[in-house]
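Only one structure is covered here, and it is reproduced in the block below.
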Amino acid sequence: MDCSVSVLVTVWNRGRILSETVNSIFSSSFRDFEVVLVDDCSADDSWEVCCQLSASSSTVRSFRNSSNLGDYANRNRAASLARSKYLKYLDADDLIYPHSLQVMVDALEKFPDAGLALSANVIDPEVPYPEKVEPPEFFRRHFLGRSPIGVGPSAAIIRRDCFEAVGGFSGRQFVGDTELWLKLAERWPVVLLPPALVWWRRHEGQQMSLEMKKPEVLNVRFRLQLETLRSTVNLATSDRTLAEQRLVQHHARRLLAMAIREGRIRTAWKLWREAPLRYTDLIKGLR
């Protein structure tokens, strides 16, 4: 392996801000990394910027897909080009802080049996960061407590062999990140890191923001959680039963709110039938 960390930047129409993103990586106090840029047939000058960045530093390698792969397939392509022990995604519109790579690498080096580390969204943990969470406890927190899992690839660092063992991203729309975190958490401990190790840029046209506004996202998320809950061996039967009750009740409430408060009765009814939920779930959702 040539270095410890491959920082993977998947690019699509980000020429205007790509240099800023890559420069944030070069400001890192941790220096044993490579940068892999993979342009997914951008329509702007992203590829030209990639070439300029790789020409200016041997640490940067740039690649361009022959056809547009889409978000998750391009993430898998970038991972296949990595030459290091750890995979660190950084979206082309985000920035990483100077100390963050060091924090992430140190955590996985401290806990070598872990497959994934996440910059958690839990502000006040019970113990100081970094915290290694074994699979049973991770799933108990996810389904019955304060889940640490609602973060994207920019907040993650992954052991490459673990990523490859689960087949990388499946490409499941809307929930591909969460699905991968759950797959990894089934088999290896997860390390929770301090929040805010990256800066998430908010802007018009951001794919995540556009996707999350689609009503069908509610059902896709619900199905993933239900499937995981029913298949995992990392929860006691009593915990699984309670978690499923809460999950169904929460989803019913979301759809009721869509119908009553937002006035989208037809959309809510369609999602209800596709979920599928029972009339008894509707009654539970009213409680």
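Each chain of the structure tokens is named A, B, ... in the order shown, its residues numbered from 1; ligands are numbered from 1 in display order.
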Among range 39-199 of chain A, which residues carry a DSSP assignment of strand (DSSP E), reported as number ranges by chain? A: 39, 60-64, 84-89, 95-96, 116-119, 131-133, 156-159, 190-193, 198-199
Next, dump the selected residues to file, keeping only N, CA and C atoms, as a PDB file, in the first residue's frame.
ATOM      1  N   ASP A  39     -14.198  12.051 -11.973  1.00  0.00           N
ATOM      2  CA  ASP A  39     -15.208  12.891 -12.607  1.00  0.00           C
ATOM      3  C   ASP A  39     -16.222  12.020 -13.343  1.00  0.00           C
ATOM      4  N   VAL A  60      -2.222  13.715  -6.019  1.00  0.00           N
ATOM      5  CA  VAL A  60      -3.566  13.705  -6.607  1.00  0.00           C
ATOM      6  C   VAL A  60      -3.567  12.860  -7.879  1.00  0.00           C
ATOM      7  N   ARG A  61      -4.516  11.918  -7.960  1.00  0.00           N
ATOM      8  CA  ARG A  61      -4.721  11.150  -9.182  1.00  0.00           C
ATOM      9  C   ARG A  61      -6.133  11.415  -9.684  1.00  0.00           C
ATOM     10  N   SER A  62      -6.266  11.714 -10.980  1.00  0.00           N
ATOM     11  CA  SER A  62      -7.556  12.070 -11.555  1.00  0.00           C
ATOM     12  C   SER A  62      -7.990  11.040 -12.586  1.00  0.00           C
ATOM     13  N   PHE A  63      -9.293  10.725 -12.556  1.00  0.00           N
ATOM     14  CA  PHE A  63      -9.871   9.765 -13.488  1.00  0.00           C
ATOM     15  C   PHE A  63     -11.209  10.314 -13.982  1.00  0.00           C
ATOM     16  N   ARG A  64     -11.544   9.946 -15.228  1.00  0.00           N
ATOM     17  CA  ARG A  64     -12.840  10.360 -15.764  1.00  0.00           C
ATOM     18  C   ARG A  64     -13.573   9.142 -16.313  1.00  0.00           C
ATOM     19  N   SER A  84      -4.844   2.314  -0.512  1.00  0.00           N
ATOM     20  CA  SER A  84      -4.516   2.489   0.904  1.00  0.00           C
ATOM     21  C   SER A  84      -5.377   1.599   1.791  1.00  0.00           C
ATOM     22  N   LYS A  85      -5.075   1.638   3.056  1.00  0.00           N
ATOM     23  CA  LYS A  85      -5.766   0.834   4.063  1.00  0.00           C
ATOM     24  C   LYS A  85      -7.155   1.368   4.377  1.00  0.00           C
ATOM     25  N   TYR A  86      -7.282   2.693   4.374  1.00  0.00           N
ATOM     26  CA  TYR A  86      -8.538   3.326   4.753  1.00  0.00           C
ATOM     27  C   TYR A  86      -9.111   4.144   3.593  1.00  0.00           C
ATOM     28  N   LEU A  87     -10.457   4.146   3.510  1.00  0.00           N
ATOM     29  CA  LEU A  87     -11.174   4.953   2.519  1.00  0.00           C
ATOM     30  C   LEU A  87     -11.833   6.124   3.232  1.00  0.00           C
ATOM     31  N   LYS A  88     -11.540   7.327   2.753  1.00  0.00           N
ATOM     32  CA  LYS A  88     -12.146   8.529   3.343  1.00  0.00           C
ATOM     33  C   LYS A  88     -12.829   9.325   2.247  1.00  0.00           C
ATOM     34  N   TYR A  89     -14.152   9.220   2.181  1.00  0.00           N
ATOM     35  CA  TYR A  89     -14.893  10.004   1.194  1.00  0.00           C
ATOM     36  C   TYR A  89     -14.980  11.457   1.632  1.00  0.00           C
ATOM     37  N   LEU A  95     -15.877  20.510   2.851  1.00  0.00           N
ATOM     38  CA  LEU A  95     -14.512  20.805   3.268  1.00  0.00           C
ATOM     39  C   LEU A  95     -14.183  19.986   4.508  1.00  0.00           C
ATOM     40  N   ILE A  96     -12.922  19.563   4.638  1.00  0.00           N
ATOM     41  CA  ILE A  96     -12.478  18.851   5.823  1.00  0.00           C
ATOM     42  C   ILE A  96     -11.555  19.761   6.617  1.00  0.00           C
ATOM     43  N   LEU A 116     -15.576   0.666  10.600  1.00  0.00           N
ATOM     44  CA  LEU A 116     -16.122   1.961  10.202  1.00  0.00           C
ATOM     45  C   LEU A 116     -16.015   2.925  11.367  1.00  0.00           C
ATOM     46  N   ALA A 117     -15.743   4.188  11.057  1.00  0.00           N
ATOM     47  CA  ALA A 117     -15.827   5.251  12.064  1.00  0.00           C
ATOM     48  C   ALA A 117     -16.682   6.375  11.497  1.00  0.00           C
ATOM     49  N   LEU A 118     -17.570   6.902  12.326  1.00  0.00           N
ATOM     50  CA  LEU A 118     -18.497   7.952  11.910  1.00  0.00           C
ATOM     51  C   LEU A 118     -18.361   9.162  12.814  1.00  0.00           C
ATOM     52  N   SER A 119     -18.311  10.328  12.195  1.00  0.00           N
ATOM     53  CA  SER A 119     -18.385  11.573  12.952  1.00  0.00           C
ATOM     54  C   SER A 119     -19.828  11.728  13.391  1.00  0.00           C
ATOM     55  N   GLU A 131     -15.358   6.397  20.730  1.00  0.00           N
ATOM     56  CA  GLU A 131     -15.977   5.289  21.441  1.00  0.00           C
ATOM     57  C   GLU A 131     -16.200   4.135  20.473  1.00  0.00           C
ATOM     58  N   LYS A 132     -15.716   2.969  20.826  1.00  0.00           N
ATOM     59  CA  LYS A 132     -15.979   1.778  20.011  1.00  0.00           C
ATOM     60  C   LYS A 132     -17.281   1.149  20.481  1.00  0.00           C
ATOM     61  N   VAL A 133     -18.191   0.902  19.534  1.00  0.00           N
ATOM     62  CA  VAL A 133     -19.499   0.339  19.857  1.00  0.00           C
ATOM     63  C   VAL A 133     -19.627  -1.009  19.151  1.00  0.00           C
ATOM     64  N   ALA A 156     -17.509   9.838   7.275  1.00  0.00           N
ATOM     65  CA  ALA A 156     -17.099   8.459   7.542  1.00  0.00           C
ATOM     66  C   ALA A 156     -15.666   8.194   7.104  1.00  0.00           C
ATOM     67  N   ILE A 157     -15.041   7.228   7.769  1.00  0.00           N
ATOM     68  CA  ILE A 157     -13.801   6.635   7.296  1.00  0.00           C
ATOM     69  C   ILE A 157     -13.974   5.123   7.445  1.00  0.00           C
ATOM     70  N   ILE A 158     -13.557   4.362   6.430  1.00  0.00           N
ATOM     71  CA  ILE A 158     -13.894   2.941   6.339  1.00  0.00           C
ATOM     72  C   ILE A 158     -12.625   2.131   6.091  1.00  0.00           C
ATOM     73  N   ARG A 159     -12.519   1.008   6.761  1.00  0.00           N
ATOM     74  CA  ARG A 159     -11.452   0.077   6.436  1.00  0.00           C
ATOM     75  C   ARG A 159     -11.734  -0.527   5.067  1.00  0.00           C
ATOM     76  N   VAL A 190     -18.235  -0.317  15.376  1.00  0.00           N
ATOM     77  CA  VAL A 190     -18.219   1.019  14.779  1.00  0.00           C
ATOM     78  C   VAL A 190     -17.627   1.983  15.804  1.00  0.00           C
ATOM     79  N   VAL A 191     -16.734   2.848  15.354  1.00  0.00           N
ATOM     80  CA  VAL A 191     -16.147   3.853  16.232  1.00  0.00           C
ATOM     81  C   VAL A 191     -16.888   5.167  16.028  1.00  0.00           C
ATOM     82  N   LEU A 192     -17.345   5.742  17.117  1.00  0.00           N
ATOM     83  CA  LEU A 192     -18.012   7.043  17.062  1.00  0.00           C
ATOM     84  C   LEU A 192     -16.996   8.142  17.317  1.00  0.00           C
ATOM     85  N   LEU A 193     -16.977   9.119  16.434  1.00  0.00           N
ATOM     86  CA  LEU A 193     -16.028  10.234  16.468  1.00  0.00           C
ATOM     87  C   LEU A 193     -16.743  11.523  16.860  1.00  0.00           C
ATOM     88  N   VAL A 198     -16.216  17.655   9.406  1.00  0.00           N
ATOM     89  CA  VAL A 198     -16.262  18.225   8.052  1.00  0.00           C
ATOM     90  C   VAL A 198     -17.266  19.367   8.046  1.00  0.00           C
ATOM     91  N   TRP A 199     -17.099  20.241   7.066  1.00  0.00           N
ATOM     92  CA  TRP A 199     -18.052  21.329   6.856  1.00  0.00           C
ATOM     93  C   TRP A 199     -18.932  20.960   5.678  1.00  0.00           C
TER      94      TRP A 199
END
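Between Glu20 in chain A and the residues A:Phe139, A:Tyr97, A:Phe33, A:Trp269, the shortest atom-to-atom distance, using only C-alpha atoms, involves A:Tyr97.
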Which residues, written as a ChimeraX atom specification, have at least one atom at most 9 Å from range 213-228 of chain A, with only C-alpha atoms counted and residues fewer than 2 positions away on the same chain left out? /A:143,173-175,178-179,182-183,208-211,230-232,244,247-248,251,254-255,267-268,271-272,274-276
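With only C-alpha atoms as the atoms that count, the minimum distance from His142 in chain A to the choices A:Thr10, A:Asn234, A:Gln52, A:Gln249 is reached by A:Asn234.
Nearest to Phe111 in chain A of all the residues A:Asp161, A:Arg75, A:Trp188, A:Arg141 is A:Trp188, counting only C-alpha atoms.
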